[in-house]
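Have a look at entry16.pdb below; it lists PDB, C-alpha atoms, pLDDT in the B column.
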```
ATOM      1  CA  ASN A1443       0.000   0.000   0.000  1.00 56.00           C
ATOM      2  CA  TYR A1444       1.129   3.560  -0.713  1.00 63.00           C
ATOM      3  CA  ILE A1445      -0.280   6.160   1.647  1.00 61.00           C
ATOM      4  CA  GLY A1446       1.000   9.713   1.310  1.00 70.00           C
ATOM      5  CA  GLY A1447       0.646  12.582   3.734  1.00 66.00           C
ATOM      6  CA  THR A1448       0.812  16.349   3.453  1.00 69.00           C
ATOM      7  CA  GLY A1449       3.028  17.856   0.767  1.00 67.00           C
ATOM      8  CA  ILE A1450       3.993  16.362  -2.598  1.00 71.00           C
ATOM      9  CA  ASP A1451       4.475  12.596  -2.312  1.00 87.00           C
ATOM     10  CA  MET A1452       6.043  10.573  -5.107  1.00 87.00           C
ATOM     11  CA  ILE A1453       6.770   6.960  -6.031  1.00 89.00           C
ATOM     12  CA  ILE A1454       9.904   6.662  -8.182  1.00 91.00           C
ATOM     13  CA  ALA A1455      11.281   3.530  -9.847  1.00 92.00           C
ATOM     14  CA  ASP A1456      14.854   2.534  -9.087  1.00 92.00           C
ATOM     15  CA  ALA A1457      15.493   0.167 -12.022  1.00 93.00           C
ATOM     16  CA  SER A1458      14.492  -0.477 -15.618  1.00 94.00           C
ATOM     17  CA  SER A1459      11.726  -3.008 -16.381  1.00 93.00           C
ATOM     18  CA  GLN A1460      10.397  -2.544 -12.880  1.00 92.00           C
ATOM     19  CA  ASN A1461       6.782  -3.301 -11.957  1.00 89.00           C
ATOM     20  CA  ILE A1462       5.416  -0.951  -9.307  1.00 88.00           C
ATOM     21  CA  GLY A1463       2.860  -3.149  -7.544  1.00 84.00           C
ATOM     22  CA  VAL A1464      -0.082  -1.289  -6.025  1.00 79.00           C
ATOM     23  CA  ALA A1465      -2.819  -2.658  -3.776  1.00 70.00           C
ATOM     24  CA  ASP A1466      -4.069   0.636  -2.344  1.00 71.00           C
ATOM     25  CA  ILE A1467      -2.960   4.184  -3.028  1.00 77.00           C
ATOM     26  CA  SER A1468      -3.911   7.530  -1.526  1.00 77.00           C
ATOM     27  CA  GLY A1469      -2.240  10.863  -0.944  1.00 82.00           C
ATOM     28  CA  ILE A1470       0.260  10.258  -3.756  1.00 84.00           C
ATOM     29  CA  GLU A1471       0.719  13.075  -6.257  1.00 84.00           C
ATOM     30  CA  LYS A1472       3.187  11.516  -8.719  1.00 86.00           C
ATOM     31  CA  ILE A1473       4.431   8.123  -9.914  1.00 87.00           C
ATOM     32  CA  SER A1474       7.561   8.229 -12.048  1.00 89.00           C
ATOM     33  CA  GLY A1475       9.775   5.825 -13.924  1.00 91.00           C
ATOM     34  CA  GLY A1476      12.604   8.269 -13.308  1.00 91.00           C
ATOM     35  CA  ALA A1477      15.488   7.811 -15.720  1.00 93.00           C
ATOM     36  CA  PHE A1478      14.620   4.155 -16.304  1.00 94.00           C
ATOM     37  CA  SER A1479      12.818   2.417 -19.174  1.00 93.00           C
ATOM     38  CA  ASN A1480       9.904  -0.042 -19.417  1.00 92.00           C
ATOM     39  CA  VAL A1481       8.534   0.800 -15.979  1.00 91.00           C
ATOM     40  CA  SER A1482       4.991  -0.436 -15.301  1.00 91.00           C
ATOM     41  CA  ILE A1483       2.299   0.081 -12.701  1.00 89.00           C
ATOM     42  CA  GLN A1484       0.257  -3.010 -11.918  1.00 86.00           C
ATOM     43  CA  THR A1485      -2.055  -4.358  -9.266  1.00 80.00           C
ATOM     44  CA  LYS A1486      -0.082  -6.411  -6.762  1.00 68.00           C
ATOM     45  CA  ALA A1487       0.495 -10.097  -7.417  1.00 61.00           C
ATOM     46  CA  ALA A1488      -0.985 -10.838  -3.994  1.00 52.00           C
ATOM     47  CA  ASN A1489      -4.324  -9.633  -5.361  1.00 57.00           C
ATOM     48  CA  ASN A1490      -4.135 -11.825  -8.461  1.00 60.00           C
ATOM     49  CA  GLY A1491      -7.604 -13.265  -9.072  1.00 59.00           C
ATOM     50  CA  SER A1492      -9.331 -10.747  -6.803  1.00 67.00           C
ATOM     51  CA  ALA A1493     -11.410  -7.707  -7.671  1.00 72.00           C
ATOM     52  CA  VAL A1494      -9.081  -4.691  -7.398  1.00 77.00           C
ATOM     53  CA  LEU A1495      -9.663  -0.944  -7.723  1.00 83.00           C
ATOM     54  CA  LEU A1496      -6.648   0.937  -9.083  1.00 85.00           C
ATOM     55  CA  ASN A1497      -7.591   4.606  -8.995  1.00 84.00           C
ATOM     56  CA  LEU A1498      -4.889   6.833 -10.485  1.00 84.00           C
ATOM     57  CA  THR A1499      -7.196   9.831 -10.872  1.00 79.00           C
ATOM     58  CA  GLY A1500      -5.321  13.110 -10.418  1.00 77.00           C
ATOM     59  CA  ILE A1501      -1.914  11.424 -10.051  1.00 83.00           C
ATOM     60  CA  GLU A1502       0.799  12.669 -12.390  1.00 82.00           C
ATOM     61  CA  LEU A1503       2.346   9.757 -14.285  1.00 83.00           C
ATOM     62  CA  GLU A1504       5.820  10.246 -15.710  1.00 85.00           C
ATOM     63  CA  ASN A1505       7.746   7.800 -17.918  1.00 88.00           C
ATOM     64  CA  ILE A1506       5.355   4.916 -17.212  1.00 87.00           C
ATOM     65  CA  ASN A1507       5.277   2.356 -20.030  1.00 88.00           C
ATOM     66  CA  LEU A1508       2.249   0.273 -19.038  1.00 89.00           C
ATOM     67  CA  ILE A1509      -0.603   0.183 -16.525  1.00 89.00           C
ATOM     68  CA  LYS A1510      -1.740  -3.372 -15.917  1.00 88.00           C
ATOM     69  CA  GLY A1511      -4.283  -5.372 -13.935  1.00 87.00           C
ATOM     70  CA  GLN A1512      -3.957  -8.967 -12.806  1.00 81.00           C
ATOM     71  CA  ASN A1513      -6.307 -11.913 -13.376  1.00 81.00           C
ATOM     72  CA  GLY A1514      -9.314 -10.546 -11.529  1.00 80.00           C
ATOM     73  CA  ASP A1515     -12.244  -8.184 -12.019  1.00 87.00           C
ATOM     74  CA  ASP A1516     -10.129  -5.027 -11.966  1.00 87.00           C
ATOM     75  CA  SER A1517     -11.305  -1.422 -12.184  1.00 88.00           C
ATOM     76  CA  ILE A1518      -8.616   0.936 -13.475  1.00 89.00           C
ATOM     77  CA  TYR A1519      -9.356   4.664 -13.438  1.00 86.00           C
ATOM     78  CA  LEU A1520      -7.209   7.310 -15.070  1.00 80.00           C
ATOM     79  CA  GLU A1521      -9.808  10.015 -15.630  1.00 60.00           C
ATOM     80  CA  GLY A1522     -12.200  10.044 -12.691  1.00 43.00           C
ATOM     81  CA  SER A1523     -13.843   7.287 -10.718  1.00 40.00           C
ATOM     82  CA  ALA A1524     -17.550   6.644 -10.270  1.00 39.00           C
ATOM     83  CA  GLY A1525     -18.877  10.118 -10.913  1.00 39.00           C
ATOM     84  CA  ALA A1526     -15.828  12.076  -9.781  1.00 40.00           C
ATOM     85  CA  ALA A1527     -14.768  15.039 -11.900  1.00 37.00           C
ATOM     86  CA  SER A1528     -12.281  14.189 -14.615  1.00 37.00           C
ATOM     87  CA  THR A1529      -8.753  15.487 -14.315  1.00 42.00           C
ATOM     88  CA  ALA A1530      -6.568  16.744 -17.149  1.00 41.00           C
ATOM     89  CA  LEU A1531      -4.514  13.581 -17.532  1.00 48.00           C
ATOM     90  CA  THR A1532      -3.157  14.196 -21.024  1.00 54.00           C
ATOM     91  CA  ARG A1533      -0.615  11.360 -21.193  1.00 67.00           C
ATOM     92  CA  ASN A1534      -0.755   8.751 -23.938  1.00 82.00           C
ATOM     93  CA  ASP A1535      -1.267   5.686 -21.745  1.00 85.00           C
ATOM     94  CA  THR A1536      -1.205   1.953 -22.374  1.00 90.00           C
ATOM     95  CA  VAL A1537      -3.637   0.116 -20.085  1.00 91.00           C
ATOM     96  CA  TYR A1538      -3.996  -3.667 -19.962  1.00 92.00           C
ATOM     97  CA  GLY A1539      -6.754  -5.215 -17.893  1.00 91.00           C
ATOM     98  CA  GLY A1540      -5.631  -8.830 -17.760  1.00 88.00           C
ATOM     99  CA  ALA A1541      -8.074 -11.735 -17.483  1.00 89.00           C
ATOM    100  CA  GLY A1542     -11.343 -11.078 -15.672  1.00 91.00           C
ATOM    101  CA  ASN A1543     -14.290  -8.729 -16.097  1.00 94.00           C
ATOM    102  CA  ASP A1544     -12.369  -5.458 -16.068  1.00 93.00           C
ATOM    103  CA  SER A1545     -13.458  -1.826 -16.211  1.00 93.00           C
ATOM    104  CA  ILE A1546     -10.904   0.562 -17.723  1.00 93.00           C
ATOM    105  CA  TYR A1547     -11.426   4.323 -17.720  1.00 89.00           C
ATOM    106  CA  SER A1548      -8.705   6.100 -19.650  1.00 84.00           C
ATOM    107  CA  GLY A1549      -7.657   9.745 -19.621  1.00 74.00           C
ATOM    108  CA  PHE A1550      -7.412  12.527 -22.156  1.00 77.00           C
ATOM    109  CA  GLY A1551      -4.481  11.350 -24.273  1.00 82.00           C
ATOM    110  CA  ASP A1552      -4.145   9.048 -27.266  1.00 89.00           C
ATOM    111  CA  ASP A1553      -4.415   5.845 -25.257  1.00 90.00           C
ATOM    112  CA  ILE A1554      -4.168   2.116 -25.924  1.00 93.00           C
ATOM    113  CA  LEU A1555      -6.680   0.021 -23.965  1.00 95.00           C
ATOM    114  CA  ALA A1556      -6.741  -3.777 -23.926  1.00 95.00           C
ATOM    115  CA  GLY A1557      -9.258  -5.786 -21.956  1.00 94.00           C
ATOM    116  CA  ASP A1558      -8.010  -9.365 -22.522  1.00 91.00           C
ATOM    117  CA  VAL A1559     -10.234 -12.346 -21.633  1.00 93.00           C
ATOM    118  CA  GLY A1560     -13.473 -11.419 -19.861  1.00 95.00           C
ATOM    119  CA  ASN A1561     -16.535  -9.219 -20.229  1.00 97.00           C
ATOM    120  CA  ASP A1562     -14.814  -5.841 -20.087  1.00 96.00           C
ATOM    121  CA  LEU A1563     -15.976  -2.224 -20.020  1.00 96.00           C
ATOM    122  CA  LEU A1564     -13.627   0.029 -21.989  1.00 96.00           C
ATOM    123  CA  VAL A1565     -13.913   3.826 -21.874  1.00 94.00           C
ATOM    124  CA  GLY A1566     -11.273   5.671 -23.875  1.00 92.00           C
ATOM    125  CA  GLY A1567     -12.347   9.229 -23.055  1.00 89.00           C
ATOM    126  CA  ALA A1568     -11.011  12.096 -25.138  1.00 87.00           C
ATOM    127  CA  GLY A1569      -8.116  11.651 -27.548  1.00 89.00           C
ATOM    128  CA  LEU A1570      -7.430   9.233 -30.397  1.00 94.00           C
ATOM    129  CA  ASP A1571      -7.695   5.897 -28.608  1.00 95.00           C
ATOM    130  CA  THR A1572      -7.024   2.360 -29.841  1.00 97.00           C
ATOM    131  CA  ILE A1573      -9.161  -0.212 -28.034  1.00 98.00           C
ATOM    132  CA  THR A1574      -9.053  -4.013 -27.987  1.00 97.00           C
ATOM    133  CA  GLY A1575     -11.640  -5.961 -26.035  1.00 97.00           C
ATOM    134  CA  GLY A1576     -10.204  -9.466 -26.294  1.00 96.00           C
ATOM    135  CA  ALA A1577     -12.355 -12.558 -25.852  1.00 96.00           C
ATOM    136  CA  GLY A1578     -15.677 -12.097 -24.085  1.00 97.00           C
ATOM    137  CA  ALA A1579     -18.685  -9.787 -24.325  1.00 98.00           C
ATOM    138  CA  ASP A1580     -17.060  -6.347 -24.139  1.00 98.00           C
ATOM    139  CA  THR A1581     -18.682  -2.916 -23.995  1.00 98.00           C
ATOM    140  CA  PHE A1582     -17.005   0.011 -25.747  1.00 98.00           C
ATOM    141  CA  ARG A1583     -18.488   3.114 -24.111  1.00 97.00           C
ATOM    142  CA  PHE A1584     -18.514   6.665 -25.457  1.00 96.00           C
ATOM    143  CA  ASP A1585     -19.882   9.460 -23.267  1.00 94.00           C
ATOM    144  CA  ALA A1586     -19.621  12.449 -25.663  1.00 93.00           C
ATOM    145  CA  PHE A1587     -19.355  12.780 -29.423  1.00 92.00           C
ATOM    146  CA  SER A1588     -16.239  14.900 -28.872  1.00 93.00           C
ATOM    147  CA  GLU A1589     -14.447  11.769 -27.622  1.00 94.00           C
ATOM    148  CA  SER A1590     -14.239  10.336 -31.161  1.00 96.00           C
ATOM    149  CA  VAL A1591     -14.093  13.070 -33.768  1.00 95.00           C
ATOM    150  CA  VAL A1592     -14.541  12.849 -37.522  1.00 97.00           C
ATOM    151  CA  GLY A1593     -11.235  12.192 -39.268  1.00 96.00           C
ATOM    152  CA  ALA A1594      -9.569  11.064 -36.039  1.00 95.00           C
ATOM    153  CA  GLY A1595     -12.036   8.612 -34.563  1.00 96.00           C
ATOM    154  CA  ASP A1596     -11.192   6.032 -31.925  1.00 98.00           C
ATOM    155  CA  LYS A1597     -10.255   2.632 -33.320  1.00 98.00           C
ATOM    156  CA  ILE A1598     -11.893  -0.575 -32.096  1.00 98.00           C
ATOM    157  CA  ILE A1599      -9.647  -3.428 -33.182  1.00 98.00           C
ATOM    158  CA  ASP A1600     -11.656  -6.603 -32.607  1.00 98.00           C
ATOM    159  CA  PHE A1601     -15.384  -5.896 -32.383  1.00 98.00           C
ATOM    160  CA  SER A1602     -17.312  -9.181 -32.408  1.00 98.00           C
ATOM    161  CA  SER A1603     -21.083  -9.526 -32.564  1.00 98.00           C
ATOM    162  CA  THR A1604     -20.601 -13.254 -32.005  1.00 97.00           C
ATOM    163  CA  ASP A1605     -18.874 -12.599 -28.672  1.00 97.00           C
ATOM    164  CA  GLY A1606     -21.661 -10.236 -27.634  1.00 98.00           C
ATOM    165  CA  ASP A1607     -19.666  -6.999 -27.897  1.00 98.00           C
ATOM    166  CA  LYS A1608     -21.621  -3.736 -27.698  1.00 98.00           C
ATOM    167  CA  ILE A1609     -20.964  -0.098 -28.581  1.00 98.00           C
ATOM    168  CA  ARG A1610     -22.628   2.016 -25.910  1.00 98.00           C
ATOM    169  CA  LEU A1611     -23.744   5.514 -26.927  1.00 98.00           C
ATOM    170  CA  SER A1612     -26.600   5.900 -24.436  1.00 96.00           C
ATOM    171  CA  SER A1613     -24.853   8.721 -22.548  1.00 94.00           C
ATOM    172  CA  ILE A1614     -24.829  10.926 -25.672  1.00 95.00           C
ATOM    173  CA  ASP A1615     -27.856  13.063 -26.476  1.00 95.00           C
ATOM    174  CA  ALA A1616     -28.600  12.287 -30.112  1.00 96.00           C
ATOM    175  CA  ASP A1617     -30.555  15.525 -30.645  1.00 94.00           C
ATOM    176  CA  ALA A1618     -29.566  18.523 -28.526  1.00 83.00           C
ATOM    177  CA  SER A1619     -32.329  20.644 -30.061  1.00 87.00           C
ATOM    178  CA  VAL A1620     -34.962  18.666 -28.138  1.00 89.00           C
ATOM    179  CA  SER A1621     -35.187  18.673 -24.354  1.00 90.00           C
ATOM    180  CA  GLY A1622     -34.184  15.489 -22.583  1.00 89.00           C
ATOM    181  CA  ASP A1623     -31.829  12.738 -23.693  1.00 91.00           C
ATOM    182  CA  GLN A1624     -32.664  11.399 -27.149  1.00 95.00           C
ATOM    183  CA  ALA A1625     -31.505   7.983 -28.360  1.00 97.00           C
ATOM    184  CA  PHE A1626     -29.769   7.312 -31.656  1.00 98.00           C
ATOM    185  CA  VAL A1627     -31.394   5.336 -34.464  1.00 98.00           C
ATOM    186  CA  PHE A1628     -29.249   2.958 -36.504  1.00 98.00           C
ATOM    187  CA  ILE A1629     -29.987   3.167 -40.248  1.00 98.00           C
ATOM    188  CA  GLY A1630     -27.402   0.666 -41.485  1.00 98.00           C
ATOM    189  CA  SER A1631     -25.514   1.716 -44.605  1.00 97.00           C
ATOM    190  CA  GLY A1632     -28.186   4.156 -45.740  1.00 97.00           C
ATOM    191  CA  MET A1633     -27.417   7.836 -46.187  1.00 97.00           C
ATOM    192  CA  PHE A1634     -28.279  10.515 -43.638  1.00 98.00           C
ATOM    193  CA  SER A1635     -31.664  12.133 -44.249  1.00 97.00           C
ATOM    194  CA  ASP A1636     -31.479  15.451 -42.360  1.00 97.00           C
ATOM    195  CA  VAL A1637     -32.755  13.810 -39.164  1.00 96.00           C
ATOM    196  CA  ALA A1638     -30.839  14.274 -35.919  1.00 96.00           C
ATOM    197  CA  GLY A1639     -29.752  11.116 -34.154  1.00 96.00           C
ATOM    198  CA  GLU A1640     -29.072   8.903 -37.142  1.00 98.00           C
ATOM    199  CA  LEU A1641     -26.211   6.392 -37.064  1.00 98.00           C
ATOM    200  CA  ARG A1642     -24.818   4.885 -40.234  1.00 98.00           C
ATOM    201  CA  ILE A1643     -21.917   2.651 -41.259  1.00 98.00           C
ATOM    202  CA  GLU A1644     -19.735   2.655 -44.327  1.00 97.00           C
ATOM    203  CA  LEU A1645     -17.114   0.118 -45.365  1.00 96.00           C
ATOM    204  CA  GLU A1646     -14.479   2.375 -46.865  1.00 95.00           C
ATOM    205  CA  ALA A1647     -11.495   1.805 -49.150  1.00 95.00           C
ATOM    206  CA  ASP A1648      -9.188   1.293 -46.159  1.00 94.00           C
ATOM    207  CA  GLY A1649     -11.087  -1.931 -45.386  1.00 95.00           C
ATOM    208  CA  PHE A1650     -12.376  -0.481 -42.109  1.00 98.00           C
ATOM    209  CA  THR A1651     -15.978  -0.029 -41.036  1.00 98.00           C
ATOM    210  CA  HIS A1652     -16.613   3.631 -40.214  1.00 98.00           C
ATOM    211  CA  LEU A1653     -19.515   4.428 -37.900  1.00 98.00           C
ATOM    212  CA  TYR A1654     -20.879   7.953 -38.268  1.00 98.00           C
ATOM    213  CA  GLY A1655     -23.434   9.868 -36.205  1.00 97.00           C
ATOM    214  CA  ASP A1656     -25.388  13.036 -37.025  1.00 97.00           C
ATOM    215  CA  THR A1657     -26.564  14.985 -33.962  1.00 95.00           C
ATOM    216  CA  ASN A1658     -27.863  18.199 -35.575  1.00 94.00           C
ATOM    217  CA  ALA A1659     -29.847  17.073 -38.637  1.00 96.00           C
ATOM    218  CA  ASP A1660     -27.527  18.526 -41.282  1.00 96.00           C
ATOM    219  CA  SER A1661     -26.627  15.124 -42.806  1.00 97.00           C
ATOM    220  CA  VAL A1662     -22.978  15.722 -41.900  1.00 97.00           C
ATOM    221  CA  ALA A1663     -21.276  13.380 -39.443  1.00 97.00           C
ATOM    222  CA  ASP A1664     -20.534  14.862 -36.012  1.00 96.00           C
ATOM    223  CA  PHE A1665     -18.538  11.905 -34.719  1.00 97.00           C
ATOM    224  CA  GLU A1666     -16.830   8.819 -36.092  1.00 98.00           C
ATOM    225  CA  ILE A1667     -15.784   5.456 -34.656  1.00 98.00           C
ATOM    226  CA  VAL A1668     -13.564   3.147 -36.733  1.00 98.00           C
ATOM    227  CA  LEU A1669     -13.753  -0.650 -36.571  1.00 98.00           C
ATOM    228  CA  THR A1670     -10.520  -1.861 -38.081  1.00 98.00           C
ATOM    229  CA  ASN A1671     -11.648  -5.479 -38.560  1.00 97.00           C
ATOM    230  CA  GLY A1672     -14.391  -4.399 -40.973  1.00 97.00           C
ATOM    231  CA  ALA A1673     -17.194  -5.630 -38.703  1.00 97.00           C
ATOM    232  CA  ASN A1674     -20.667  -5.420 -40.256  1.00 96.00           C
ATOM    233  CA  LEU A1675     -22.720  -3.803 -37.503  1.00 98.00           C
ATOM    234  CA  ALA A1676     -26.404  -4.370 -36.832  1.00 98.00           C
ATOM    235  CA  ALA A1677     -28.845  -2.534 -34.558  1.00 98.00           C
ATOM    236  CA  THR A1678     -28.381  -5.245 -31.902  1.00 98.00           C
ATOM    237  CA  ASP A1679     -24.687  -4.312 -31.575  1.00 98.00           C
ATOM    238  CA  PHE A1680     -25.534  -1.044 -29.825  1.00 98.00           C
ATOM    239  CA  ILE A1681     -26.723   0.253 -26.472  1.00 98.00           C
ATOM    240  CA  LEU A1682     -28.426   3.476 -27.518  1.00 96.00           C
TER     241      LEU A1682
END
```

Do you think you could lay out the structure here as C-alpha cells?
Amino acid sequence: NYIGGTGIDMIIADASSQNIGVADISGIEKISGGAFSNVSIQTKAANNGSAVLLNLTGIELENINLIKGQNGDDSIYLEGSAGAASTALTRNDTVYGGAGNDSIYSGFGDDILAGDVGNDLLVGGAGLDTITGGAGADTFRFDAFSESVVGAGDKIIDFSSTDGDKIRLSSIDADASVSGDQAFVFIGSGMFSDVAGELRIELEADGFTHLYGDTNADSVADFEIVLTNGANLAATDFIL
C-alpha cells in the first residue's frame, strides 16, 4: 500500500523493467519511472484473481510504459472514478486489464486500452484511442461525441457480434435541439436524411468499417468510430 501525507508525495522507480505493484494508493501526487525504461504500474500479485480498484485519478504519471491489472475483475481509473470530476490527464497511456471482467477508464491522451479475456468495459475518453476488447462480451463506451471526432475517430480493433460486444452511446444526447436525452437510431448503410440522431456505417477503401453519427440534422457526421476489422454492424450491436 502507498499512503501519502501532506506535501507532494512521489513513487519513483529505481530500475528499468520494474513493476510498481499497487494494492491501495492515496495521498500520492506523482508516480515516475525516473530515468529508467519499461517501468509499469500493476495491481499487486498478492491480489491476483481478486477484484481490485486501481484509482490513479489526479496522479501525475511520468515515464510509465504500461498500466496493468492482474487476473481478476479489476477497475482501473485514469480520468475520474464513479462520478468524480475528470482530471486533465493528457498522457498517452497503455492500459492492460488482464483476465477477468475489467473496467478501464482512460484519460485525455491518445491511449491504448486492452481488456483481454473477460466481459470488459472500456472507456477511452477524449483523444485518439485504440481499443481491444479481447475474448468475451465487451462494452465500448462513449460518453460524448467529442471523444471520437470525424477524421480522427477512436479505433476498435476486434469488435465481435458473435462474442456479444456492444458499442454504448446511451450517454450521448442524439438531438440537442430537443429537451431530454434522445436515443440514436441505426440506419445501417443508408445515407443521412437530415434527421438528428441517425447512425450509419460505411465500409471504406481502407477496409475499415466507419460508424458515423449526425446529432444536428444537417446530414454531416458529427462523430466517427472506426472498426478496423471491418465488422458489419447491426442494430443489436448497440446500447443506444

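The neighbours of Asp1648 in chain A here are the residues that come within 12 Å of it, using only C-alpha atoms and leaving out any residue fewer than 4 positions away in the same chain; they are A:Glu1644, A:His1652, A:Val1668, A:Leu1669, A:Thr1670, A:Asn1671, A:Gly1672.
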
Find the residues with any atom within 12 Å of (-30.7, -1.1, -33.4); use only C-alpha atoms and the coordinates as given in the file, and write the answer as a count of residues only.
21

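Using all atoms listed in the file, the smallest distance between any of A:Leu1520, A:Ala1618, A:Ala1659, A:Ile1467 and Leu1503 in chain A comes from A:Leu1520.
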
May I have the protein, DNA and RNA residues with any atom at most 7 Å from the point (-17.9, -5.7, -28.5), counting all atoms listed in the file, written as a list in words?
Gly1575, Ala1579, Asp1580, Thr1581, Phe1582, Phe1601, Ser1602, Ser1603, Asp1605, Gly1606, Asp1607, Lys1608 and Ile1609 of chain A

Evaluate the PyMOL selection byres ((chain A and resi 1591) around 12) against this structure - the residues, as a VMD selection string, please.
chain A and resid 1567 to 1571 1584 1586 to 1590 1592 to 1597 1652 to 1656 1663 to 1668

May I have the selected residues written with C-alpha atoms, as a PDB file, in the coordinates of the input?
```
ATOM      1  CA  GLY A1567     -12.347   9.229 -23.055  1.00 89.00           C
ATOM      2  CA  ALA A1568     -11.011  12.096 -25.138  1.00 87.00           C
ATOM      3  CA  GLY A1569      -8.116  11.651 -27.548  1.00 89.00           C
ATOM      4  CA  LEU A1570      -7.430   9.233 -30.397  1.00 94.00           C
ATOM      5  CA  ASP A1571      -7.695   5.897 -28.608  1.00 95.00           C
ATOM      6  CA  PHE A1584     -18.514   6.665 -25.457  1.00 96.00           C
ATOM      7  CA  ALA A1586     -19.621  12.449 -25.663  1.00 93.00           C
ATOM      8  CA  PHE A1587     -19.355  12.780 -29.423  1.00 92.00           C
ATOM      9  CA  SER A1588     -16.239  14.900 -28.872  1.00 93.00           C
ATOM     10  CA  GLU A1589     -14.447  11.769 -27.622  1.00 94.00           C
ATOM     11  CA  SER A1590     -14.239  10.336 -31.161  1.00 96.00           C
ATOM     12  CA  VAL A1592     -14.541  12.849 -37.522  1.00 97.00           C
ATOM     13  CA  GLY A1593     -11.235  12.192 -39.268  1.00 96.00           C
ATOM     14  CA  ALA A1594      -9.569  11.064 -36.039  1.00 95.00           C
ATOM     15  CA  GLY A1595     -12.036   8.612 -34.563  1.00 96.00           C
ATOM     16  CA  ASP A1596     -11.192   6.032 -31.925  1.00 98.00           C
ATOM     17  CA  LYS A1597     -10.255   2.632 -33.320  1.00 98.00           C
ATOM     18  CA  HIS A1652     -16.613   3.631 -40.214  1.00 98.00           C
ATOM     19  CA  LEU A1653     -19.515   4.428 -37.900  1.00 98.00           C
ATOM     20  CA  TYR A1654     -20.879   7.953 -38.268  1.00 98.00           C
ATOM     21  CA  GLY A1655     -23.434   9.868 -36.205  1.00 97.00           C
ATOM     22  CA  ASP A1656     -25.388  13.036 -37.025  1.00 97.00           C
ATOM     23  CA  ALA A1663     -21.276  13.380 -39.443  1.00 97.00           C
ATOM     24  CA  ASP A1664     -20.534  14.862 -36.012  1.00 96.00           C
ATOM     25  CA  PHE A1665     -18.538  11.905 -34.719  1.00 97.00           C
ATOM     26  CA  GLU A1666     -16.830   8.819 -36.092  1.00 98.00           C
ATOM     27  CA  ILE A1667     -15.784   5.456 -34.656  1.00 98.00           C
ATOM     28  CA  VAL A1668     -13.564   3.147 -36.733  1.00 98.00           C
TER      29      VAL A1668
END
```

Quick one: residues within 10 Å of Ile1454 in chain A, all atoms listed in the file, excluding same-chain residues fewer than 5 positions away - as a tab-separated table (two decimals) with C-alpha atoms, keeping the file's coordinate frame?
```tsv
chain	number	residue	atom	x	y	z
A	1462	ILE	CA	5.42	-0.95	-9.31
A	1472	LYS	CA	3.19	11.52	-8.72
A	1473	ILE	CA	4.43	8.12	-9.91
A	1474	SER	CA	7.56	8.23	-12.05
A	1475	GLY	CA	9.78	5.82	-13.92
A	1476	GLY	CA	12.60	8.27	-13.31
A	1477	ALA	CA	15.49	7.81	-15.72
A	1478	PHE	CA	14.62	4.16	-16.30
A	1481	VAL	CA	8.53	0.80	-15.98
A	1504	GLU	CA	5.82	10.25	-15.71
```

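Minimum distance to Val1637 in chain A across A:Ser1479, A:Ser1613, A:Thr1499, A:Thr1657 (counting all atoms listed in the file) occurs at A:Thr1657.
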
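When CA of Asp1535 in chain A is paired with CA of Gly1551 in chain A, their separation reads 7.0 Å.
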
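Restricting the calculation to all atoms listed in the file, the smallest distance between Ile1554 in chain A and any of A:Ala1493, A:Val1662, A:Ile1598, A:Ile1501 is found for A:Ile1598.
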
Have a look at CA of Met1633 in chain A and CA of Ile1614 in chain A and let me know their distance in Å, one decimal.
20.9 Å

Report as a PDB file with C-alpha atoms, in the coordinates of the input all protein, DNA and RNA residues lying within 9 Å of Ile1518 in chain A, evaluated on all atoms listed in the file, omitting residues in the same chain fewer than 2 positions from it.
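This went into selection.pdb:
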```
ATOM      1  CA  VAL A1494      -9.081  -4.691  -7.398  1.00 77.00           C
ATOM      2  CA  LEU A1495      -9.663  -0.944  -7.723  1.00 83.00           C
ATOM      3  CA  LEU A1496      -6.648   0.937  -9.083  1.00 85.00           C
ATOM      4  CA  ASN A1497      -7.591   4.606  -8.995  1.00 84.00           C
ATOM      5  CA  LEU A1498      -4.889   6.833 -10.485  1.00 84.00           C
ATOM      6  CA  ILE A1509      -0.603   0.183 -16.525  1.00 89.00           C
ATOM      7  CA  LYS A1510      -1.740  -3.372 -15.917  1.00 88.00           C
ATOM      8  CA  GLY A1511      -4.283  -5.372 -13.935  1.00 87.00           C
ATOM      9  CA  ASP A1516     -10.129  -5.027 -11.966  1.00 87.00           C
ATOM     10  CA  LEU A1520      -7.209   7.310 -15.070  1.00 80.00           C
ATOM     11  CA  SER A1523     -13.843   7.287 -10.718  1.00 40.00           C
ATOM     12  CA  VAL A1537      -3.637   0.116 -20.085  1.00 91.00           C
ATOM     13  CA  GLY A1539      -6.754  -5.215 -17.893  1.00 91.00           C
ATOM     14  CA  ASP A1544     -12.369  -5.458 -16.068  1.00 93.00           C
ATOM     15  CA  SER A1545     -13.458  -1.826 -16.211  1.00 93.00           C
ATOM     16  CA  ILE A1546     -10.904   0.562 -17.723  1.00 93.00           C
ATOM     17  CA  TYR A1547     -11.426   4.323 -17.720  1.00 89.00           C
ATOM     18  CA  SER A1548      -8.705   6.100 -19.650  1.00 84.00           C
TER      19      SER A1548
END
```
